[in-house]
file run.cif (mmCIF, C-alpha atoms)
data_data
loop_
_atom_site.label_atom_id
_atom_site.label_comp_id
_atom_site.auth_asym_id
_atom_site.auth_seq_id
_atom_site.Cartn_x
_atom_site.Cartn_y
_atom_site.Cartn_z
CA MET A 1 9.68 34.94 3.13
CA ASN A 2 7.71 37.15 5.42
CA LEU A 3 7.88 37.23 9.20
CA ASP A 4 4.54 35.51 9.83
CA PHE A 5 5.51 32.57 7.67
CA ARG A 6 8.85 32.21 9.43
CA PHE A 7 7.03 32.36 12.74
CA SER A 8 4.66 29.64 11.63
CA LEU A 9 7.58 27.37 10.71
CA VAL A 10 9.14 27.88 14.14
CA ALA A 11 5.83 27.36 15.87
CA MET A 12 5.33 24.04 14.08
CA THR A 13 8.28 22.62 15.90
CA THR A 14 7.24 23.93 19.29
CA THR A 15 3.46 23.53 19.31
CA THR A 16 2.34 20.14 20.53
CA HIS A 17 -1.37 20.85 20.64
CA ASP A 18 -2.78 22.67 17.66
CA GLU A 19 -6.26 24.01 18.19
CA HIS A 20 -6.46 26.25 15.18
CA HIS A 21 -8.29 24.84 12.27
CA GLU A 22 -10.66 26.11 9.67
CA PHE A 23 -12.90 23.05 9.70
CA ALA A 24 -13.24 23.00 13.40
CA GLY A 25 -14.87 26.29 14.11
CA PRO A 26 -11.64 27.34 15.82
CA LYS A 27 -11.73 29.20 19.11
CA ASN A 28 -8.56 31.11 18.29
CA PRO A 29 -7.90 30.95 14.57
CA ARG A 30 -4.42 31.71 13.35
CA THR A 31 -4.10 35.22 11.97
CA PRO A 32 -4.81 34.85 8.26
CA ASP A 33 -1.72 35.24 6.08
CA GLU A 34 -0.59 33.88 2.72
CA PHE A 35 -1.65 30.41 3.90
CA GLY A 36 -5.07 31.58 5.05
CA THR A 37 -5.94 30.03 8.39
CA ALA A 38 -4.26 26.70 7.61
CA SER A 39 -2.86 25.27 10.83
CA HIS A 40 0.85 25.01 11.51
CA GLY A 41 0.62 21.25 11.34
CA LYS A 42 -1.06 21.33 7.96
CA ILE A 43 1.56 23.65 6.48
CA GLY A 44 4.26 21.41 7.94
CA MET A 45 2.70 18.30 6.42
CA TRP A 46 2.50 19.97 3.02
CA LEU A 47 6.18 20.88 3.20
CA TYR A 48 7.04 17.29 4.13
CA LEU A 49 4.90 15.93 1.29
CA VAL A 50 6.71 18.17 -1.17
CA THR A 51 10.06 16.67 -0.17
CA ASP A 52 8.62 13.17 -0.34
CA ALA A 53 7.13 13.88 -3.75
CA MET A 54 10.57 15.00 -4.94
CA MET A 55 12.01 11.71 -3.77
CA PHE A 56 9.40 9.66 -5.64
CA ALA A 57 9.84 11.89 -8.68
CA GLY A 58 13.57 11.16 -8.58
CA PHE A 59 12.90 7.42 -8.41
CA LEU A 60 10.46 7.49 -11.31
CA LEU A 61 12.72 9.70 -13.39
CA GLY A 62 15.66 7.37 -12.78
CA TYR A 63 13.48 4.43 -13.74
CA ALA A 64 12.35 6.16 -16.93
CA LEU A 65 15.91 6.96 -17.98
CA ILE A 66 17.23 3.46 -17.27
CA ARG A 67 14.35 2.03 -19.23
CA ALA A 68 14.80 4.45 -22.13
CA ARG A 69 18.45 3.41 -22.50
CA THR A 70 17.82 -0.31 -22.25
CA PRO A 71 16.40 -1.76 -25.48
CA GLU A 72 15.77 -5.23 -23.99
CA TRP A 73 13.34 -3.87 -21.42
CA PRO A 74 10.24 -6.10 -21.32
CA HIS A 75 6.72 -4.73 -21.37
CA PRO A 76 5.86 -4.69 -17.63
CA ALA A 77 2.33 -6.02 -18.11
CA ASP A 78 3.73 -9.20 -19.72
CA ILE A 79 5.61 -10.08 -16.54
CA LEU A 80 3.81 -8.30 -13.73
CA GLY A 81 0.24 -8.54 -14.99
CA ILE A 82 -2.14 -5.65 -14.38
CA GLY A 83 -5.21 -7.36 -12.92
CA LEU A 84 -3.97 -7.45 -9.34
CA SER A 85 -2.38 -4.00 -9.46
CA THR A 86 -5.59 -2.51 -10.90
CA PHE A 87 -7.47 -3.99 -7.96
CA MET A 88 -4.84 -2.58 -5.58
CA THR A 89 -5.33 0.84 -7.18
CA SER A 90 -9.09 0.59 -6.63
CA ILE A 91 -8.51 -0.33 -2.99
CA LEU A 92 -6.40 2.78 -2.42
CA ILE A 93 -8.89 5.06 -4.20
CA VAL A 94 -11.75 3.68 -2.09
CA SER A 95 -9.66 4.09 1.08
CA SER A 96 -9.11 7.75 0.14
CA VAL A 97 -12.87 8.18 -0.08
CA THR A 98 -13.42 6.57 3.33
CA MET A 99 -10.69 8.82 4.76
CA VAL A 100 -12.37 12.06 3.64
CA ILE A 101 -15.73 10.75 4.82
CA ALA A 102 -14.16 10.00 8.22
CA GLN A 103 -13.00 13.60 8.39
CA ALA A 104 -16.44 14.87 7.38
CA LYS A 105 -18.00 12.68 10.09
CA GLY A 106 -15.58 14.17 12.60
CA GLU A 107 -16.54 17.69 11.65
CA LYS A 108 -20.14 16.62 12.27
CA LYS A 109 -19.01 15.47 15.74
CA ASP A 110 -20.02 11.89 14.93
CA ARG A 111 -17.38 9.89 16.79
CA ALA A 112 -18.84 6.46 15.95
CA GLY A 113 -19.13 7.28 12.26
CA MET A 114 -15.61 8.66 12.20
CA LEU A 115 -14.23 5.52 13.84
CA LYS A 116 -16.12 3.34 11.39
CA TYR A 117 -14.69 5.09 8.34
CA LEU A 118 -11.20 5.27 9.82
CA GLY A 119 -11.54 1.51 10.32
CA PHE A 120 -12.47 1.07 6.64
CA THR A 121 -9.43 3.14 5.66
CA ILE A 122 -7.10 1.06 7.83
CA LEU A 123 -8.63 -2.09 6.39
CA GLY A 124 -7.99 -0.78 2.87
CA GLY A 125 -4.35 -0.16 3.74
CA LEU A 126 -3.94 -3.62 5.22
CA ILE A 127 -5.55 -5.27 2.18
CA PHE A 128 -3.20 -3.32 -0.08
CA LEU A 129 -0.16 -4.44 1.93
CA SER A 130 -1.35 -8.06 1.93
CA LEU A 131 -1.83 -7.99 -1.84
CA GLN A 132 1.61 -6.47 -2.29
CA ALA A 133 3.15 -9.23 -0.16
CA TYR A 134 1.27 -11.81 -2.25
CA GLU A 135 2.47 -10.17 -5.47
CA TYR A 136 6.09 -10.12 -4.29
CA THR A 137 5.93 -13.81 -3.36
CA HIS A 138 4.53 -14.61 -6.78
CA LEU A 139 7.27 -12.58 -8.51
CA PHE A 140 10.01 -14.23 -6.44
CA HIS A 141 8.82 -17.55 -7.82
CA LEU A 142 9.00 -16.11 -11.33
CA GLY A 143 12.67 -15.37 -10.79
CA LEU A 144 12.56 -11.70 -9.86
CA SER A 145 14.51 -10.48 -6.89
CA LEU A 146 15.98 -7.17 -5.79
CA SER A 147 19.25 -7.86 -7.62
CA ASN A 148 18.37 -10.35 -10.31
CA PHE A 149 15.85 -11.42 -12.89
CA THR A 150 16.31 -14.79 -14.50
CA GLY A 151 14.04 -13.90 -17.42
CA GLY A 152 15.57 -10.62 -18.48
CA HIS A 153 17.42 -7.50 -17.48
CA PRO A 154 18.13 -7.48 -13.71
CA LEU A 155 17.41 -3.76 -13.51
CA PHE A 156 13.80 -4.48 -14.41
CA ALA A 157 13.39 -6.33 -11.12
CA SER A 158 15.58 -3.95 -9.09
CA THR A 159 13.71 -0.82 -10.12
CA PHE A 160 10.36 -2.49 -9.62
CA PHE A 161 11.08 -3.65 -6.07
CA ILE A 162 12.76 -0.40 -5.03
CA VAL A 163 9.95 1.87 -6.23
CA THR A 164 6.99 -0.28 -5.16
CA GLY A 165 8.74 -1.31 -1.94
CA PHE A 166 9.39 2.31 -1.01
CA HIS A 167 5.74 3.07 -1.66
CA GLY A 168 4.74 0.02 0.40
CA LEU A 169 6.71 1.43 3.34
CA HIS A 170 4.67 4.61 3.00
CA VAL A 171 1.45 2.59 3.09
CA LEU A 172 2.69 0.80 6.22
CA SER A 173 3.55 4.15 7.84
CA GLY A 174 0.13 5.47 6.86
CA VAL A 175 -1.64 2.49 8.41
CA ILE A 176 0.28 2.99 11.69
CA TYR A 177 -0.50 6.72 11.57
CA LEU A 178 -4.20 5.94 10.99
CA ILE A 179 -4.26 3.47 13.89
CA VAL A 180 -2.89 6.18 16.19
CA ILE A 181 -5.51 8.66 14.97
CA ALA A 182 -8.25 6.05 15.39
CA GLY A 183 -7.07 5.49 18.97
CA ARG A 184 -7.25 9.21 19.68
CA THR A 185 -10.69 9.34 18.10
CA ALA A 186 -11.86 6.51 20.34
CA ALA A 187 -10.51 8.46 23.32
CA GLY A 188 -12.74 11.40 22.38
CA LYS A 189 -9.92 13.68 21.32
CA TYR A 190 -11.89 15.05 18.37
CA ASP A 191 -15.33 15.22 19.92
CA SER A 192 -15.25 19.02 19.72
CA GLY A 193 -15.33 18.77 15.94
CA ASN A 194 -11.74 20.00 15.64
CA CYS A 195 -10.37 17.46 13.17
CA ASN A 196 -7.15 19.21 12.30
CA GLU A 197 -5.02 16.17 13.18
CA VAL A 198 -7.34 13.90 11.22
CA GLU A 199 -7.06 16.14 8.20
CA ILE A 200 -3.26 16.16 8.44
CA CYS A 201 -3.23 12.37 8.63
CA GLY A 202 -5.61 12.37 5.67
CA LEU A 203 -3.17 14.50 3.67
CA PHE A 204 -0.52 11.83 4.13
CA TRP A 205 -2.91 9.04 3.21
CA HIS A 206 -4.15 10.80 0.05
CA PHE A 207 -0.55 11.46 -0.91
CA VAL A 208 0.13 7.72 -0.68
CA ASP A 209 -2.84 7.18 -3.01
CA LEU A 210 -1.66 9.91 -5.38
CA VAL A 211 1.83 8.45 -5.61
CA TRP A 212 0.47 4.97 -6.26
CA ILE A 213 -1.56 6.35 -9.18
CA LEU A 214 1.71 7.45 -10.79
CA VAL A 215 3.66 4.32 -9.76
CA PHE A 216 0.88 2.15 -11.22
CA THR A 217 1.12 4.01 -14.52
CA PHE A 218 4.89 3.97 -14.84
CA MET A 219 5.67 0.54 -13.39
CA TYR A 220 2.73 -1.49 -14.72
CA LEU A 221 0.85 0.18 -17.56
CA ILE A 222 3.37 1.74 -19.92
CA MET B 1 -15.34 23.78 2.68
CA ALA B 2 -16.95 24.73 5.91
CA SER B 3 -19.89 26.15 3.98
CA LEU B 4 -20.74 22.78 2.44
CA THR B 5 -23.05 20.41 4.24
CA TYR B 6 -21.96 16.87 5.10
CA GLU B 7 -24.18 15.43 2.37
CA GLU B 8 -22.75 17.80 -0.25
CA LYS B 9 -19.18 16.89 0.70
CA VAL B 10 -19.83 13.14 0.56
CA LYS B 11 -21.64 13.51 -2.76
CA THR B 12 -18.60 15.30 -4.21
CA TYR B 13 -16.16 12.72 -2.83
CA ILE B 14 -18.09 9.81 -4.29
CA LYS B 15 -18.51 11.56 -7.62
CA VAL B 16 -14.73 12.10 -7.78
CA ALA B 17 -14.15 8.44 -6.87
CA PHE B 18 -16.29 7.35 -9.82
CA ILE B 19 -14.34 9.68 -12.12
CA LEU B 20 -11.07 8.18 -10.82
CA GLY B 21 -12.44 4.68 -11.38
CA ALA B 22 -13.55 5.50 -14.91
CA ILE B 23 -10.17 7.00 -15.79
CA THR B 24 -8.44 3.91 -14.39
CA VAL B 25 -10.56 1.65 -16.60
CA VAL B 26 -9.68 3.74 -19.67
CA GLU B 27 -5.98 3.62 -18.74
CA VAL B 28 -6.01 -0.15 -18.37
CA LEU B 29 -7.84 -0.57 -21.69
CA LEU B 30 -5.34 1.71 -23.41
CA SER B 31 -2.43 -0.24 -21.93
CA THR B 32 -3.76 -3.44 -23.54
CA PHE B 33 -3.99 -1.70 -26.92
CA PRO B 34 -1.82 -3.62 -29.40
CA HIS B 35 1.43 -1.73 -29.87
CA SER B 36 2.05 -2.30 -33.53
CA GLY B 37 4.02 0.77 -34.51
CA GLN B 38 6.17 3.31 -32.75
CA PRO B 39 3.96 6.40 -33.37
CA ILE B 40 0.90 4.63 -31.97
CA LYS B 41 2.83 3.35 -28.98
CA THR B 42 4.07 6.86 -28.19
CA ILE B 43 0.59 8.34 -28.50
CA VAL B 44 -0.91 5.66 -26.25
CA THR B 45 1.85 6.16 -23.68
CA MET B 46 1.34 9.91 -23.66
CA ALA B 47 -2.42 9.43 -23.29
CA ILE B 48 -1.96 7.10 -20.31
CA VAL B 49 0.49 9.48 -18.59
CA THR B 50 -1.87 12.42 -19.17
CA LEU B 51 -4.81 10.48 -17.72
CA SER B 52 -2.67 9.46 -14.75
CA CYS B 53 -1.68 13.07 -14.07
CA SER B 54 -5.33 14.10 -14.23
CA LYS B 55 -6.12 11.44 -11.60
CA ALA B 56 -3.35 12.79 -9.38
CA PHE B 57 -4.80 16.27 -9.82
CA PHE B 58 -8.29 15.12 -8.80
CA VAL B 59 -6.91 13.50 -5.63
CA ALA B 60 -4.91 16.60 -4.67
CA TYR B 61 -7.64 19.06 -5.56
CA TYR B 62 -10.67 17.39 -3.97
CA TYR B 63 -9.41 14.88 -1.38
CA MET B 64 -6.46 16.95 -0.17
CA HIS B 65 -8.73 20.03 -0.22
CA LEU B 66 -6.49 22.18 -2.38
CA ASN B 67 -9.69 23.61 -3.83
CA HIS B 68 -10.21 25.36 -0.49
CA GLU B 69 -6.63 26.40 0.20
CA LYS B 70 -4.99 29.76 -0.31
CA LYS B 71 -2.67 30.50 -3.20
CA TRP B 72 0.55 29.92 -1.26
CA THR B 73 -0.42 26.43 -0.13
CA ILE B 74 -1.28 25.56 -3.72
CA TRP B 75 2.11 26.86 -4.90
CA VAL B 76 3.89 24.81 -2.25
CA ALA B 77 1.88 21.71 -3.17
CA ALA B 78 2.58 22.17 -6.87
CA SER B 79 6.31 22.84 -6.45
CA PRO B 80 7.46 19.22 -7.11
CA VAL B 81 6.45 19.63 -10.76
CA ILE B 82 9.65 21.64 -11.08
CA ILE B 83 11.33 18.26 -11.57
CA LEU B 84 9.72 18.21 -15.02
CA ILE B 85 12.34 20.77 -16.09
CA TYR B 86 15.09 18.41 -14.98
CA ALA B 87 13.26 15.50 -16.63
CA GLY B 88 12.97 17.45 -19.87
CA ALA B 89 16.70 18.16 -19.91
CA LEU B 90 17.58 14.51 -19.27
CA ILE B 91 15.11 13.21 -21.83
CA ALA B 92 16.47 15.61 -24.44
CA ASP B 93 19.96 14.35 -23.67
CA THR B 94 19.06 10.64 -23.75
CA PRO B 95 19.29 10.01 -27.51
CA SER B 96 22.91 11.18 -27.54
CA ARG B 97 23.93 8.60 -24.92
CA PRO B 98 24.91 4.99 -25.58
CA VAL B 99 22.30 2.41 -24.73
CA SER B 100 22.85 -0.21 -22.05
CA VAL B 101 23.16 -3.58 -23.77
CA TYR B 102 22.17 -6.45 -21.55
CA GLU B 103 24.24 -9.58 -21.83
CA SER B 104 23.17 -12.92 -20.46
CA GLU B 105 24.82 -13.97 -17.21
CA PRO B 106 27.17 -16.62 -18.70
CA ALA B 107 28.25 -14.14 -21.35
CA ARG B 108 29.15 -11.65 -18.67
CA GLY B 109 31.00 -14.34 -16.76
CA ILE B 110 28.90 -13.87 -13.64
CA ILE B 111 27.88 -16.76 -11.43
CA TYR B 112 25.30 -16.10 -8.79
CA PRO B 113 25.89 -18.11 -5.58
CA ASN B 114 22.30 -19.33 -5.40
CA LYS B 115 22.38 -20.55 -8.98
CA VAL B 116 25.71 -22.36 -9.11
CA GLY B 117 24.09 -25.74 -9.77
CA HIS B 118 21.80 -24.29 -12.41
CA HIS B 119 24.63 -22.60 -14.28
CA SER B 120 27.40 -25.13 -13.85
CA GLU B 121 27.69 -25.56 -17.58
CA GLY B 122 27.41 -21.82 -17.94
CA ALA B 123 30.45 -21.52 -15.69
CA GLU B 124 32.49 -23.61 -18.08
CA HIS B 125 31.18 -21.57 -20.91
CA SER B 126 32.01 -18.37 -19.09
CA ASP B 127 35.75 -19.15 -19.16
CA SER B 128 35.79 -19.25 -22.92
CA THR B 129 33.57 -16.20 -23.06
CA HIS B 130 35.92 -14.38 -20.81
CA GLU B 131 38.78 -15.14 -23.13
CA THR B 132 36.72 -13.77 -25.95
CA GLU B 133 36.09 -10.62 -23.99
CA SER B 134 39.80 -10.29 -23.28
CA GLU B 135 40.52 -10.52 -26.95
CA HIS B 136 38.15 -7.63 -27.50
CA GLY B 137 39.86 -5.65 -24.83
CA SER B 138 36.84 -5.73 -22.49
CA ASP B 139 37.45 -4.11 -19.13
CA HIS B 140 34.89 -6.23 -17.28
CA ASP B 141 36.06 -6.70 -13.74
CA ALA B 142 33.41 -9.29 -12.82
CA ALA B 143 35.66 -12.32 -13.05
CA PRO B 144 33.83 -15.63 -12.43
CA GLU B 145 36.29 -17.08 -9.97
CA GLY B 146 37.31 -13.83 -8.43
CA GLY B 147 40.10 -13.79 -10.95
CA GLU B 148 42.01 -10.92 -9.40
#

call {"tool": "encode", "arguments": {"input": "run.cif", "output": "structure tokens"}}
result
Amino acid sequence: MNLDFRFSLVAMTTTTHDEHHEFAGPKNPRTPDEFGTASHGKIGMWLYLVTDAMMFAGFLLGYALIRARTPEWPHPADILGIGLSTFMTSILIVSSVTMVIAQAKGEKKDRAGMLKYLGFTILGGLIFLSLQAYEYTHLFHLGLSLSNFTGGHPLFASTFFIVTGFHGLHVLSGVIYLIVIAGRTAAGKYDSGNCNEVEICGLFWHFVDLVWILVFTFMYLI
Amino acid sequence: MASLTYEEKVKTYIKVAFILGAITVVEVLLSTFPHSGQPIKTIVTMAIVTLSCSKAFFVAYYYMHLNHEKKWTIWVAASPVIILIYAGALIADTPSRPVSVYESEPARGIIYPNKVGHHSEGAEHSDSTHETESEHGSDHDAAPEGGE
């Protein structure tokens, strides 16, 4: 690990206002190194996402192994259905599109457009959470709970609620994060076209989308 | 990225969204494919997982802008795939392990507090079942009446 990289890790914890960003036409760009001119915040977010990805990977791997060793495991689609979850997937994909468009609007110094697309993204997140709450209520009535499943192996329900619930908490965190960024946008924080913070928030939001793509496959489709 | 115009960026984002949508449709159709035999089921499962990974790649590459990042950022972003090595080892080991056989609740002698009324006859049944388990030398410690 070279000295510049170590310095950038230290600086991430001490810098509160990051002005260096490749999209922004930075006034004082960070000295290019192995990470190019990526801002400290962006590198920090990537490192966080890697740890989070490891956690989700552990969950999904545990789920796969439990399922592989349990012959009575039902086909998820027979119990969970895939219509609603397919719609939820579409919502997250569309919200990812609105998020990148919001960032592009910000780089164009279009505050109103940026706010509009951030609003669409927040709305997408809220719709997703509402649908998940609806789905959980429906499944509770079918006899699934965190510790039990009246129609089959209890671990089917436990693994489902743990993995999708953990993802749901990420969506909730993302929505709160987006609301904060929208507030700062409304306050004119990004009027200079420096959208570094928006891009970092976008990284988290796209990660939530990316993880759902895998959760949808493992928990619903196969 | 900075060299692209706003219109070019949006065009790319929407194009990728349509690709993601199309892959999702294919995945859903494949998942409803009748699973008659084991080889077909395995092939369909592998196809769905591959398609899913390609979707994840599209999101990371275009929406998370990895296509405009330097090599080190890409290596950092791709590092979680190292878990595939661990997964491979566990999957290879799985066939040599005993499977988990699920027994119904009365058979296991478990009464859930919120289902006492529903399983009252199961509770009676569970006593005899428990005796049966004892005969077989079962070391279940989930006694129905907190037997210990």

call {"tool": "atom_distance", "arguments": {"input": "run.cif", "atom1": "CA of Ala186 (chain A)", "atom2": "CA of Leu115 (chain A)"}}
result
7.0 Å

call {"tool": "interface_residues", "arguments": {"input": "run.cif", "of": "chain B", "to": "chain A", "cutoff": "8 Å", "atoms": "all atoms listed in the file", "output": "PyMOL selection string"}}
result
chain B and resi 1-2+6+9-10+13-14+17+20-21+24+27-28+31+45+48-49+52-53+55-56+59-60+63-64+69-73+76-77+79-80+83+87+90-91+94+97-102

call {"tool": "atom_distance", "arguments": {"input": "run.cif", "atom1": "CA of Ser85 (chain A)", "atom2": "CA of Tyr134 (chain A)"}}
result
11.2 Å

call {"tool": "closest_residue", "arguments": {"input": "run.cif", "among": "B:Tyr62, B:Ile85, B:Lys11, B:Val26", "to": "Ala47 (chain B)", "atoms": "all atoms listed in the file"}}
result
B:Val26

call {"tool": "atom_distance", "arguments": {"input": "run.cif", "atom1": "CA of Gly44 (chain A)", "atom2": "CA of Thr185 (chain A)"}}
result
21.7 Å

call {"tool": "residues_around", "arguments": {"input": "run.cif", "residues": "Phe149 (chain A)", "least_positions_apart": "6", "cutoff": "10 Å", "atoms": "only C-alpha atoms", "output": "ChimeraX atom specification"}}
result
/A:139-140,142-143,155-158

call {"tool": "resolve_selection", "arguments": {"input": "run.cif", "expression": "the PyMOL selection byres ((chain A and resi 123) around 12)", "output": "PyMOL selection string"}}
result
chain A and resi 91-92+94-96+98-99+116-122+124-130+171-172+174-176+178-179

call {"tool": "resolve_selection", "arguments": {"input": "run.cif", "expression": "the PyMOL selection byres ((chain A and resi 163) around 9)", "output": "VMD selection string"}}
result
chain A and resid 56 59 to 60 63 158 to 162 164 to 168 215 219
